[in-house]
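For reference, model.pdb is printed below; it contains PDB, C-alpha atoms and all ligand atoms.
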```pdb
ATOM      1  CA  MET A1460      77.186  17.220 -20.789  1.00  0.00           C
ATOM      2  CA  GLY A1461      78.086  19.717 -18.086  1.00  0.00           C
ATOM      3  CA  GLU A1462      80.942  19.111 -15.707  1.00  0.00           C
ATOM      4  CA  LEU A1463      78.621  18.542 -12.761  1.00  0.00           C
ATOM      5  CA  HIS A1464      76.706  15.930 -14.680  1.00  0.00           C
ATOM      6  CA  ILE A1465      79.937  14.156 -15.494  1.00  0.00           C
ATOM      7  CA  LEU A1466      80.914  14.300 -11.840  1.00  0.00           C
ATOM      8  CA  PHE A1467      77.490  12.956 -10.902  1.00  0.00           C
ATOM      9  CA  GLU A1468      78.024  10.024 -13.231  1.00  0.00           C
ATOM     10  CA  LEU A1469      81.414   9.476 -11.635  1.00  0.00           C
ATOM     11  CA  GLN A1470      79.739   9.452  -8.222  1.00  0.00           C
ATOM     12  CA  GLN A1471      77.343   6.722  -9.393  1.00  0.00           C
ATOM     13  CA  ILE A1472      80.326   4.688 -10.557  1.00  0.00           C
ATOM     14  CA  ASP A1473      82.097   5.187  -7.235  1.00  0.00           C
ATOM     15  CA  LEU A1474      79.010   3.891  -5.443  1.00  0.00           C
ATOM     16  CA  LYS A1475      78.942   0.819  -7.677  1.00  0.00           C
ATOM     17  CA  LEU A1476      82.673   0.260  -7.114  1.00  0.00           C
ATOM     18  CA  GLU A1477      82.242   0.471  -3.360  1.00  0.00           C
ATOM     19  CA  LYS A1478      79.465  -2.089  -3.475  1.00  0.00           C
ATOM     20  CA  LEU A1479      81.466  -4.448  -5.713  1.00  0.00           C
ATOM     21  CA  GLN A1480      84.523  -4.219  -3.496  1.00  0.00           C
ATOM     22  CA  GLU A1481      82.402  -4.959  -0.451  1.00  0.00           C
ATOM     23  CA  THR A1482      80.867  -7.959  -2.252  1.00  0.00           C
ATOM     24  CA  LEU A1483      84.317  -9.215  -3.175  1.00  0.00           C
ATOM     25  CA  LYS A1484      85.533  -8.907   0.408  1.00  0.00           C
ATOM     26  CA  LYS A1485      82.526 -10.763   1.827  1.00  0.00           C
ATOM     27  CA  LEU A1486      82.377 -13.458  -0.819  1.00  0.00           C
ATOM     28  CA  PRO A1487      81.170 -16.663   0.922  1.00  0.00           C
ATOM     29  CA  VAL A1488      83.650 -18.647  -1.141  1.00  0.00           C
ATOM     30  CA  PHE A1489      86.491 -17.578   1.170  1.00  0.00           C
ATOM     31  CA  GLU A1490      84.766 -19.029   4.239  1.00  0.00           C
ATOM     32  CA  GLU A1491      83.646 -22.151   2.329  1.00  0.00           C
ATOM     33  CA  PHE A1492      87.150 -22.648   1.044  1.00  0.00           C
ATOM     34  CA  LYS A1493      88.580 -22.391   4.551  1.00  0.00           C
ATOM     35  CA  ASN A1494      86.103 -25.000   5.842  1.00  0.00           C
ATOM     36  CA  LEU A1495      86.839 -27.411   2.994  1.00  0.00           C
ATOM     37  CA  LYS A1496      90.553 -26.999   3.545  1.00  0.00           C
ATOM     38  CA  GLU A1497      90.121 -27.950   7.190  1.00  0.00           C
ATOM     39  CA  GLN A1498      87.995 -30.958   6.245  1.00  0.00           C
ATOM     40  CA  ALA A1499      90.601 -32.155   3.754  1.00  0.00           C
ATOM     41  CA  SER A1500      93.383 -31.728   6.269  1.00  0.00           C
ATOM     42  CA  THR A1501      91.479 -33.675   8.953  1.00  0.00           C
ATOM     43  CA  ALA A1502      90.719 -36.452   6.445  1.00  0.00           C
ATOM     44  CA  LYS A1503      94.422 -36.587   5.597  1.00  0.00           C
ATOM     45  CA  GLU A1504      95.359 -37.004   9.261  1.00  0.00           C
ATOM     46  CA  VAL A1505      92.777 -39.766   9.745  1.00  0.00           C
ATOM     47  CA  LEU A1506      94.143 -41.566   6.684  1.00  0.00           C
ATOM     48  CA  ALA A1507      97.751 -41.267   7.882  1.00  0.00           C
ATOM     49  CA  ARG A1508      96.801 -42.671  11.302  1.00  0.00           C
ATOM     50  CA  ALA A1509      94.925 -45.624   9.739  1.00  0.00           C
ATOM     51  CA  GLU A1510      97.846 -46.370   7.414  1.00  0.00           C
ATOM     52  CA  GLY A1511     100.274 -46.214  10.338  1.00  0.00           C
ATOM     53  CA  LYS A1512      98.216 -48.710  12.350  1.00  0.00           C
ATOM     54  CA  LEU A1513      98.009 -51.049   9.376  1.00  0.00           C
ATOM     55  CA  GLN A1514     101.777 -50.948   8.903  1.00  0.00           C
ATOM     56  CA  VAL A1515     102.333 -51.839  12.568  1.00  0.00           C
ATOM     57  CA  LYS A1516      99.913 -54.739  12.224  1.00  0.00           C
ATOM     58  CA  LEU A1517     101.572 -56.015   9.034  1.00  0.00           C
ATOM     59  CA  THR A1518     104.979 -55.908  10.696  1.00  0.00           C
ATOM     60  CA  ALA A1519     103.570 -57.896  13.643  1.00  0.00           C
ATOM     61  CA  ILE A1520     102.154 -60.473  11.202  1.00  0.00           C
ATOM     62  CA  ARG A1521     105.521 -60.906   9.482  1.00  0.00           C
ATOM     63  CA  SER A1522     107.248 -61.428  12.813  1.00  0.00           C
ATOM     64  CA  LEU A1523     104.574 -63.925  13.946  1.00  0.00           C
ATOM     65  CA  GLU A1524     104.956 -65.818  10.671  1.00  0.00           C
ATOM     66  CA  GLY A1525     108.712 -66.014  11.282  1.00  0.00           C
ATOM     67  CA  LEU A1526     108.247 -67.350  14.798  1.00  0.00           C
ATOM     68  CA  LEU A1527     105.667 -69.869  13.647  1.00  0.00           C
ATOM     69  CA  GLN A1528     107.982 -71.044  10.884  1.00  0.00           C
ATOM     70  CA  GLU A1529     110.757 -71.557  13.428  1.00  0.00           C
ATOM     71  CA  ALA A1530     108.451 -73.571  15.682  1.00  0.00           C
ATOM     72  CA  VAL A1531     107.333 -75.724  12.750  1.00  0.00           C
ATOM     73  CA  GLU A1532     110.960 -76.367  11.722  1.00  0.00           C
ATOM     74  CA  GLU A1533     112.018 -77.270  15.237  1.00  0.00           C
ATOM     75  CA  HIS A1534     109.034 -79.585  15.625  1.00  0.00           C
ATOM     76  CA  LYS A1535     110.045 -81.368  12.447  1.00  0.00           C
ATOM     77  CA  GLU A1536     113.597 -81.775  13.739  1.00  0.00           C
ATOM     78  CA  VAL A1537     112.414 -83.174  17.059  1.00  0.00           C
ATOM     79  CA  GLN A1538     110.081 -85.574  15.263  1.00  0.00           C
ATOM     80  CA  ALA A1539     112.942 -86.702  13.039  1.00  0.00           C
ATOM     81  CA  ARG A1540     115.100 -87.374  16.026  1.00  0.00           C
ATOM     82  CA  LEU A1541     112.283 -89.177  17.846  1.00  0.00           C
ATOM     83  CA  TYR A1542     111.485 -91.495  14.974  1.00  0.00           C
ATOM     84  CA  GLY A1543     114.931 -91.596  13.390  1.00  0.00           C
ATOM     85  CA  ASP A1544     117.343 -94.511  13.337  1.00  0.00           C
ATOM     86  CA  ALA A1545     119.745 -93.036  15.889  1.00  0.00           C
ATOM     87  CA  GLU A1546     119.809 -94.703  19.259  1.00  0.00           C
ATOM     88  CA  GLN A1547     118.305 -92.565  22.046  1.00  0.00           C
ATOM     89  CA  SER A1548     118.266 -93.208  25.747  1.00  0.00           C
ATOM     90  CA  ALA A1549     114.864 -93.411  27.454  1.00  0.00           C
ATOM     91  CA  LYS A1550     115.588 -90.135  29.203  1.00  0.00           C
ATOM     92  CA  GLU A1551     116.468 -88.417  25.957  1.00  0.00           C
ATOM     93  CA  LEU A1552     113.358 -89.774  24.293  1.00  0.00           C
ATOM     94  CA  GLU A1553     111.228 -88.465  27.104  1.00  0.00           C
ATOM     95  CA  LYS A1554     112.820 -85.044  26.794  1.00  0.00           C
ATOM     96  CA  LEU A1555     112.268 -85.044  23.050  1.00  0.00           C
ATOM     97  CA  GLU A1556     108.632 -86.003  23.472  1.00  0.00           C
ATOM     98  CA  GLN A1557     108.125 -83.226  25.977  1.00  0.00           C
ATOM     99  CA  ARG A1558     109.768 -80.763  23.624  1.00  0.00           C
ATOM    100  CA  ALA A1559     107.600 -81.927  20.717  1.00  0.00           C
ATOM    101  CA  ALA A1560     104.452 -81.503  22.803  1.00  0.00           C
ATOM    102  CA  ALA A1561     105.508 -78.029  23.971  1.00  0.00           C
ATOM    103  CA  LEU A1562     106.254 -77.024  20.377  1.00  0.00           C
ATOM    104  CA  LYS A1563     102.856 -78.269  19.244  1.00  0.00           C
ATOM    105  CA  ILE A1564     101.127 -76.110  21.883  1.00  0.00           C
ATOM    106  CA  GLN A1565     103.304 -73.128  21.007  1.00  0.00           C
ATOM    107  CA  GLN A1566     102.519 -73.606  17.328  1.00  0.00           C
ATOM    108  CA  GLN A1567      98.767 -73.668  17.997  1.00  0.00           C
ATOM    109  CA  LYS A1568      99.001 -70.528  20.099  1.00  0.00           C
ATOM    110  CA  GLN A1569     101.006 -68.746  17.421  1.00  0.00           C
ATOM    111  CA  GLU A1570      98.556 -69.834  14.736  1.00  0.00           C
ATOM    112  CA  GLU A1571      95.694 -68.346  16.739  1.00  0.00           C
ATOM    113  CA  GLU A1572      97.622 -65.127  17.268  1.00  0.00           C
ATOM    114  CA  LEU A1573      98.422 -64.962  13.588  1.00  0.00           C
ATOM    115  CA  LEU A1574      94.792 -65.484  12.662  1.00  0.00           C
ATOM    116  CA  MET A1575      93.715 -62.674  14.956  1.00  0.00           C
ATOM    117  CA  ALA A1576      96.410 -60.381  13.624  1.00  0.00           C
ATOM    118  CA  MET A1577      95.281 -61.123  10.068  1.00  0.00           C
ATOM    119  CA  GLU A1578      91.677 -60.342  10.959  1.00  0.00           C
ATOM    120  CA  GLY A1579      92.903 -57.107  12.522  1.00  0.00           C
ATOM    121  CA  ALA A1580      94.839 -56.281   9.384  1.00  0.00           C
ATOM    122  CA  GLU A1581      91.744 -56.914   7.298  1.00  0.00           C
ATOM    123  CA  GLU A1582      89.713 -54.485   9.430  1.00  0.00           C
ATOM    124  CA  LEU A1583      92.490 -51.913   9.213  1.00  0.00           C
ATOM    125  CA  THR A1584      92.705 -52.321   5.442  1.00  0.00           C
ATOM    126  CA  LYS A1585      88.988 -51.528   5.255  1.00  0.00           C
ATOM    127  CA  ALA A1586      89.463 -48.527   7.537  1.00  0.00           C
ATOM    128  CA  VAL A1587      92.289 -47.271   5.318  1.00  0.00           C
ATOM    129  CA  ALA A1588      90.082 -47.615   2.226  1.00  0.00           C
ATOM    130  CA  VAL A1589      87.275 -45.645   3.894  1.00  0.00           C
ATOM    131  CA  ALA A1590      89.678 -42.943   5.088  1.00  0.00           C
ATOM    132  CA  LYS A1591      91.234 -42.751   1.626  1.00  0.00           C
ATOM    133  CA  SER A1592      87.876 -42.333  -0.061  1.00  0.00           C
ATOM    134  CA  LYS A1593      86.881 -39.623   2.432  1.00  0.00           C
ATOM    135  CA  PHE A1594      90.144 -37.804   1.845  1.00  0.00           C
ATOM    136  CA  ASN A1595      89.726 -38.023  -1.942  1.00  0.00           C
ATOM    137  CA  ASP A1596      86.183 -36.660  -1.661  1.00  0.00           C
ATOM    138  CA  ALA A1597      87.300 -33.748   0.508  1.00  0.00           C
ATOM    139  CA  HIS A1598      90.197 -33.011  -1.811  1.00  0.00           C
ATOM    140  CA  GLN A1599      87.979 -33.122  -4.867  1.00  0.00           C
ATOM    141  CA  LYS A1600      85.468 -30.728  -3.291  1.00  0.00           C
ATOM    142  CA  LEU A1601      88.288 -28.403  -2.356  1.00  0.00           C
ATOM    143  CA  ARG A1602      89.566 -28.333  -5.934  1.00  0.00           C
ATOM    144  CA  GLU A1603      86.106 -27.732  -7.348  1.00  0.00           C
ATOM    145  CA  LYS A1604      85.536 -24.885  -4.905  1.00  0.00           C
ATOM    146  CA  GLN A1605      88.925 -23.467  -5.811  1.00  0.00           C
ATOM    147  CA  LYS A1606      87.941 -23.453  -9.456  1.00  0.00           C
ATOM    148  CA  SER A1607      84.422 -22.032  -9.091  1.00  0.00           C
ATOM    149  CA  GLY A1608      85.636 -19.595  -6.433  1.00  0.00           C
ATOM    150  CA  ASN A1609      88.387 -18.289  -8.670  1.00  0.00           C
ATOM    151  CA  GLU A1610      85.899 -17.827 -11.493  1.00  0.00           C
ATOM    152  CA  GLU A1611      83.620 -15.837  -9.205  1.00  0.00           C
ATOM    153  CA  ILE A1612      86.490 -13.721  -7.936  1.00  0.00           C
ATOM    154  CA  SER A1613      87.880 -12.934 -11.380  1.00  0.00           C
ATOM    155  CA  ARG A1614      84.405 -12.056 -12.658  1.00  0.00           C
ATOM    156  CA  LEU A1615      84.034  -9.502  -9.877  1.00  0.00           C
ATOM    157  CA  LYS A1616      87.555  -8.190 -10.402  1.00  0.00           C
ATOM    158  CA  GLU A1617      86.884  -7.725 -14.100  1.00  0.00           C
ATOM    159  CA  GLU A1618      83.744  -5.758 -13.322  1.00  0.00           C
ATOM    160  CA  ILE A1619      85.666  -3.606 -10.858  1.00  0.00           C
ATOM    161  CA  LEU A1620      88.365  -2.971 -13.437  1.00  0.00           C
ATOM    162  CA  HIS A1621      85.760  -1.974 -16.015  1.00  0.00           C
ATOM    163  CA  TYR A1622      84.253   0.640 -13.668  1.00  0.00           C
ATOM    164  CA  LYS A1623      87.691   1.889 -12.662  1.00  0.00           C
ATOM    165  CA  GLU A1624      88.504   2.535 -16.315  1.00  0.00           C
ATOM    166  CA  GLN A1625      85.218   4.383 -16.751  1.00  0.00           C
ATOM    167  CA  ARG A1626      85.940   6.427 -13.651  1.00  0.00           C
ATOM    168  CA  GLN A1627      89.367   7.313 -15.010  1.00  0.00           C
ATOM    169  CA  LEU A1628      87.846   8.545 -18.286  1.00  0.00           C
ATOM    170  CA  LEU A1629      85.236  10.642 -16.481  1.00  0.00           C
ATOM    171  CA  SER A1630      87.667  12.112 -13.971  1.00  0.00           C
ATOM    172  CA  MET A1631      89.766  13.492 -16.830  1.00  0.00           C
ATOM    173  CA  GLN A1632      86.768  15.594 -17.872  1.00  0.00           C
ATOM    174  CA  VAL A1633      86.335  17.238 -14.477  1.00  0.00           C
ATOM    175  CA  ALA A1634      88.423  20.193 -13.237  1.00  0.00           C
ATOM    176  CA  LYS A1635      90.879  19.189 -10.527  1.00  0.00           C
ATOM    177  CA  PRO A1636      89.554  21.517  -7.759  1.00  0.00           C
ATOM    178  CA  LEU A1637      86.024  20.207  -8.230  1.00  0.00           C
ATOM    179  CA  LEU A1638      87.243  16.625  -8.208  1.00  0.00           C
ATOM    180  CA  GLU A1639      89.209  17.317  -5.042  1.00  0.00           C
ATOM    181  CA  GLU A1640      86.195  18.870  -3.386  1.00  0.00           C
ATOM    182  CA  TYR A1641      84.132  15.848  -4.352  1.00  0.00           C
ATOM    183  CA  ASP A1642      86.742  13.435  -2.945  1.00  0.00           C
ATOM    184  CA  ALA A1643      87.055  15.436   0.270  1.00  0.00           C
ATOM    185  CA  GLN A1644      83.290  15.423   0.849  1.00  0.00           C
ATOM    186  CA  ARG A1645      82.656  11.792   0.008  1.00  0.00           C
ATOM    187  CA  GLN A1646      83.003  10.408   3.498  1.00  0.00           C
ATOM    188  CA  LYS A1647      80.838  13.105   5.081  1.00  0.00           C
ATOM    189  CA  PHE A1648      77.965  12.447   2.661  1.00  0.00           C
ATOM    190  CA  LEU A1649      78.367   8.644   2.629  1.00  0.00           C
ATOM    191  CA  GLY A1650      79.585   8.627  -0.948  1.00  0.00           C
ATOM    192  CA  ARG A1651      77.011  11.132  -2.234  1.00  0.00           C
ATOM    193  CA  PRO A1652      78.381  14.681  -2.020  1.00  0.00           C
ATOM    194  CA  LEU A1653      76.463  15.516  -5.205  1.00  0.00           C
ATOM    195  CA  ALA A1654      72.690  15.652  -5.256  1.00  0.00           C
ATOM    196  CA  GLU A1655      70.193  16.249  -8.026  1.00  0.00           C
ATOM    197  CA  VAL A1656      67.365  18.708  -7.592  1.00  0.00           C
ATOM    198  CA  ASP A1657      64.134  17.138  -8.786  1.00  0.00           C
ATOM    199  CA  LYS A1658      60.907  19.156  -8.685  1.00  0.00           C
ATOM    200  CA  ASP A1659      62.712  21.748  -6.543  1.00  0.00           C
ATOM    201  CA  ILE A1660      63.644  19.122  -3.946  1.00  0.00           C
ATOM    202  CA  CYS A1661      67.246  18.263  -3.056  1.00  0.00           C
ATOM    203  CA  GLN A1662      67.481  14.518  -3.548  1.00  0.00           C
ATOM    204  CA  GLY A1663      70.200  14.362  -0.892  1.00  0.00           C
ATOM    205  CA  CYS A1664      68.172  15.652   2.034  1.00  0.00           C
ATOM    206  CA  ARG A1665      64.625  15.780   0.592  1.00  0.00           C
ATOM    207  CA  VAL A1666      64.165  19.419   1.482  1.00  0.00           C
ATOM    208  CA  SER A1667      62.878  22.094  -0.955  1.00  0.00           C
ATOM    209  CA  VAL A1668      65.579  24.383  -2.212  1.00  0.00           C
ATOM    210  CA  SER A1669      65.297  28.155  -1.847  1.00  0.00           C
ATOM    211  CA  SER A1670      64.331  30.363  -4.781  1.00  0.00           C
ATOM    212  CA  MET A1671      67.866  31.754  -4.828  1.00  0.00           C
ATOM    213  CA  VAL A1672      69.291  28.266  -5.293  1.00  0.00           C
ATOM    214  CA  LYS A1673      66.679  27.548  -7.936  1.00  0.00           C
ATOM    215  CA  ALA A1674      67.684  30.630  -9.857  1.00  0.00           C
ATOM    216  CA  LYS A1675      71.358  29.692  -9.885  1.00  0.00           C
ATOM    217  CA  LEU A1676      70.843  26.019 -10.506  1.00  0.00           C
ATOM    218  CA  TYR A1677      70.382  26.339 -14.252  1.00  0.00           C
ATOM    219  CA  HIS A1678      73.195  28.775 -14.695  1.00  0.00           C
ATOM    220  CA  PRO A1679      75.978  26.730 -16.234  1.00  0.00           C
ATOM    221  CA  ASP A1680      78.838  28.652 -14.599  1.00  0.00           C
ATOM    222  CA  CYS A1681      77.468  28.475 -11.076  1.00  0.00           C
ATOM    223  CA  LYS A1682      78.274  25.841  -8.513  1.00  0.00           C
ATOM    224  CA  ILE A1683      75.660  25.930  -5.825  1.00  0.00           C
ATOM    225  CA  ASN A1684      75.283  23.987  -2.587  1.00  0.00           C
ATOM    226  CA  CYS A1685      72.071  22.917  -0.893  1.00  0.00           C
ATOM    227  CA  ASP A1686      71.354  25.403   1.887  1.00  0.00           C
ATOM    228  CA  ASN A1687      70.037  22.603   4.055  1.00  0.00           C
ATOM    229  CA  CYS A1688      72.549  19.729   3.704  1.00  0.00           C
ATOM    230  CA  GLY A1689      75.452  21.384   1.909  1.00  0.00           C
ATOM    231  CA  ARG A1690      75.643  18.950  -1.016  1.00  0.00           C
ATOM    232  CA  ILE A1691      76.698  20.241  -4.401  1.00  0.00           C
ATOM    233  CA  LEU A1692      73.522  20.566  -6.446  1.00  0.00           C
ATOM    234  CA  LEU A1693      72.803  19.893 -10.069  1.00  0.00           C
ATOM    235  CA  PRO A1694      69.532  19.858 -12.002  1.00  0.00           C
ATOM    236  CA  HIS A1695      67.935  16.456 -12.488  1.00  0.00           C
ATOM    237  CA  ASP A1696      68.467  15.102 -15.980  1.00  0.00           C
ATOM    238  CA  GLN A1697      65.209  15.275 -17.843  1.00  0.00           C
TER
HETATM  239 ZN    ZN B   1      70.100  18.962   0.481  1.00  0.00          ZN
END
```

Let's see the structure in the file written out as structure tokens.
Ligand SMILES: [Zn+2]
Amino acid sequence: MGELHILFELQQIDLKLEKLQETLKKLPVFEEFKNLKEQASTAKEVLARAEGKLQVKLTAIRSLEGLLQEAVEEHKEVQARLYGDAEQSAKELEKLEQRAAALKIQQQKQEEELLMAMEGAEELTKAVAVAKSKFNDAHQKLREKQKSGNEEISRLKEEILHYKEQRQLLSMQVAKPLLEEYDAQRQKFLGRPLAEVDKDICQGCRVSVSSMVKAKLYHPDCKINCDNCGRILLPHDQ
């Protein structure tokens, strides 16, 4: 295979590499991963808030239970004194009765409060469970995406590596000045500084080549450029 044909093959590989690198850069998995990460982080915040509220409610319940216990104890004491054997004056008895009645009302009020707090805690427990399940879901999806995304990325990277190795092998078979000329012209010709001539037409610009170009094209020692677009020409592989 002539040097120009090797360089042409290298050009095809460069075009493939460019495409693969572009695909890798624009892989939707990056955007999807970002979205899932945000979802998981929001779910985590919601869960933390729900757990915080539940803790506050549980603390309130414990304190209410303590107060209620105290009221119950005091009521018992007052009752004991009211109906005990010790002598009490009428005034003292009246005071004790008033205290007992007040404690009874207080106890009822505290029982109601406690009941409401417990209902609240029940609701919050449910909310925590829902938030936890949502967080677990989001986290699971994130991990799955991480796994499948990594597989996709490494598959592309492997393909890129394979073509890079091929390019390396081909570039060693091309003279340095020609390779440098090719590299220098790549940008100008959008990655295609080499063009085949097929049926006397330059495949780079689709214009017929002159008879002088035609004559030189099949001469192995000649490097000829298209007189219309300036691309390096080589005969189309039959
Ligand atoms: Zn041309």

Using only C-alpha atoms and all ligand atoms, which residues have at least one atom no more than 6 Å from ligand ZN 1 (chain B)? Output them as a PyMOL selection string. chain A and resi 1661+1663-1664+1685+1687-1688+1690

Written selection (C-alpha atoms) as a PDB file, in the frame of the given file:
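File produced: again32.pdb:
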```
ATOM      1  CA  CYS A1661      67.246  18.263  -3.056  1.00  0.00           C
ATOM      2  CA  GLY A1663      70.200  14.362  -0.892  1.00  0.00           C
ATOM      3  CA  CYS A1664      68.172  15.652   2.034  1.00  0.00           C
ATOM      4  CA  CYS A1685      72.071  22.917  -0.893  1.00  0.00           C
ATOM      5  CA  ASN A1687      70.037  22.603   4.055  1.00  0.00           C
ATOM      6  CA  CYS A1688      72.549  19.729   3.704  1.00  0.00           C
ATOM      7  CA  ARG A1690      75.643  18.950  -1.016  1.00  0.00           C
TER       8      ARG A1690
END
```

All residues 12 Å or closer to A:Glu1477, all atoms listed in the file, same chain fewer than 2 positions away omitted, as a list in words: Gln1470, Gln1471, Ile1472, Asp1473, Leu1474, Lys1475, Leu1479, Gln1480, Glu1481, Thr1482, Leu1483, Lys1484, Glu1618, Ile1619, Tyr1622, Lys1623, Arg1645, Leu1649, Gly1650 and Arg1651 of chain A

Can I get the selection written as a compact mmCIF listing (two decimals), keeping the file's coordinate frame, with C-alpha atoms?
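What follows is the written file again.txt:
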```txt
# COMPACT_ATOMS: atom_id res chain seq x y z
CA GLN A 1470 79.74 9.45 -8.22
CA GLN A 1471 77.34 6.72 -9.39
CA ILE A 1472 80.33 4.69 -10.56
CA ASP A 1473 82.10 5.19 -7.24
CA LEU A 1474 79.01 3.89 -5.44
CA LYS A 1475 78.94 0.82 -7.68
CA LEU A 1479 81.47 -4.45 -5.71
CA GLN A 1480 84.52 -4.22 -3.50
CA GLU A 1481 82.40 -4.96 -0.45
CA THR A 1482 80.87 -7.96 -2.25
CA LEU A 1483 84.32 -9.22 -3.18
CA LYS A 1484 85.53 -8.91 0.41
CA GLU A 1618 83.74 -5.76 -13.32
CA ILE A 1619 85.67 -3.61 -10.86
CA TYR A 1622 84.25 0.64 -13.67
CA LYS A 1623 87.69 1.89 -12.66
CA ARG A 1645 82.66 11.79 0.01
CA LEU A 1649 78.37 8.64 2.63
CA GLY A 1650 79.58 8.63 -0.95
CA ARG A 1651 77.01 11.13 -2.23
```

Take atom CA of A:Gly1511 and atom CA of A:Lys1493 and report the distance between them in Å, one decimal.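 Atom-to-atom, atom CA of A:Gly1511 to atom CA of A:Lys1493, that is 27.2 Å.
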
Using all atoms listed in the file, which residues sit within 12 Å of A:Glu1571 once same-chain residues fewer than 6 positions away are excluded, as a list in words?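 My list of contacting residues is Ile1520, Leu1523, Glu1524, Leu1527, Ile1564, Gln1565, Met1577 and Glu1578 of chain A.
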
Report the centre and edge lengths, in Å to one decimal, of an axis-aligned box enclosing every atom of stretch 1512-1528 of chain A listed in the file, padded by 3 Å on each side, as JSON.
```
{"center_x": 103.4, "center_y": -59.9, "center_z": 11.9, "size_x": 16.7, "size_y": 28.3, "size_z": 11.9}
```

So how far away is atom CA of A:Leu1495 from atom CA of A:Thr1584, in Å?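 Between atom CA of A:Thr1584 and atom CA of A:Leu1495 the gap is 25.7 Å.
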
Which of these residues is nearest to A:Arg1602, using only C-alpha atoms: A:Cys1681, A:Leu1653, A:Ala1499, A:Ile1465?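 Closest to A:Arg1602, using only C-alpha atoms: A:Ala1499.
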
Do a neighbour search on stretch 1638-1641 of chain A at 12 Å with all atoms listed in the file, toss out local chain neighbours closer than 4 positions, and write the hits as a VMD selection string. chain A and resid 1462 to 1463 1465 to 1467 1469 to 1470 1473 1626 to 1627 1629 to 1634 1645 to 1654 1682 1690 to 1692
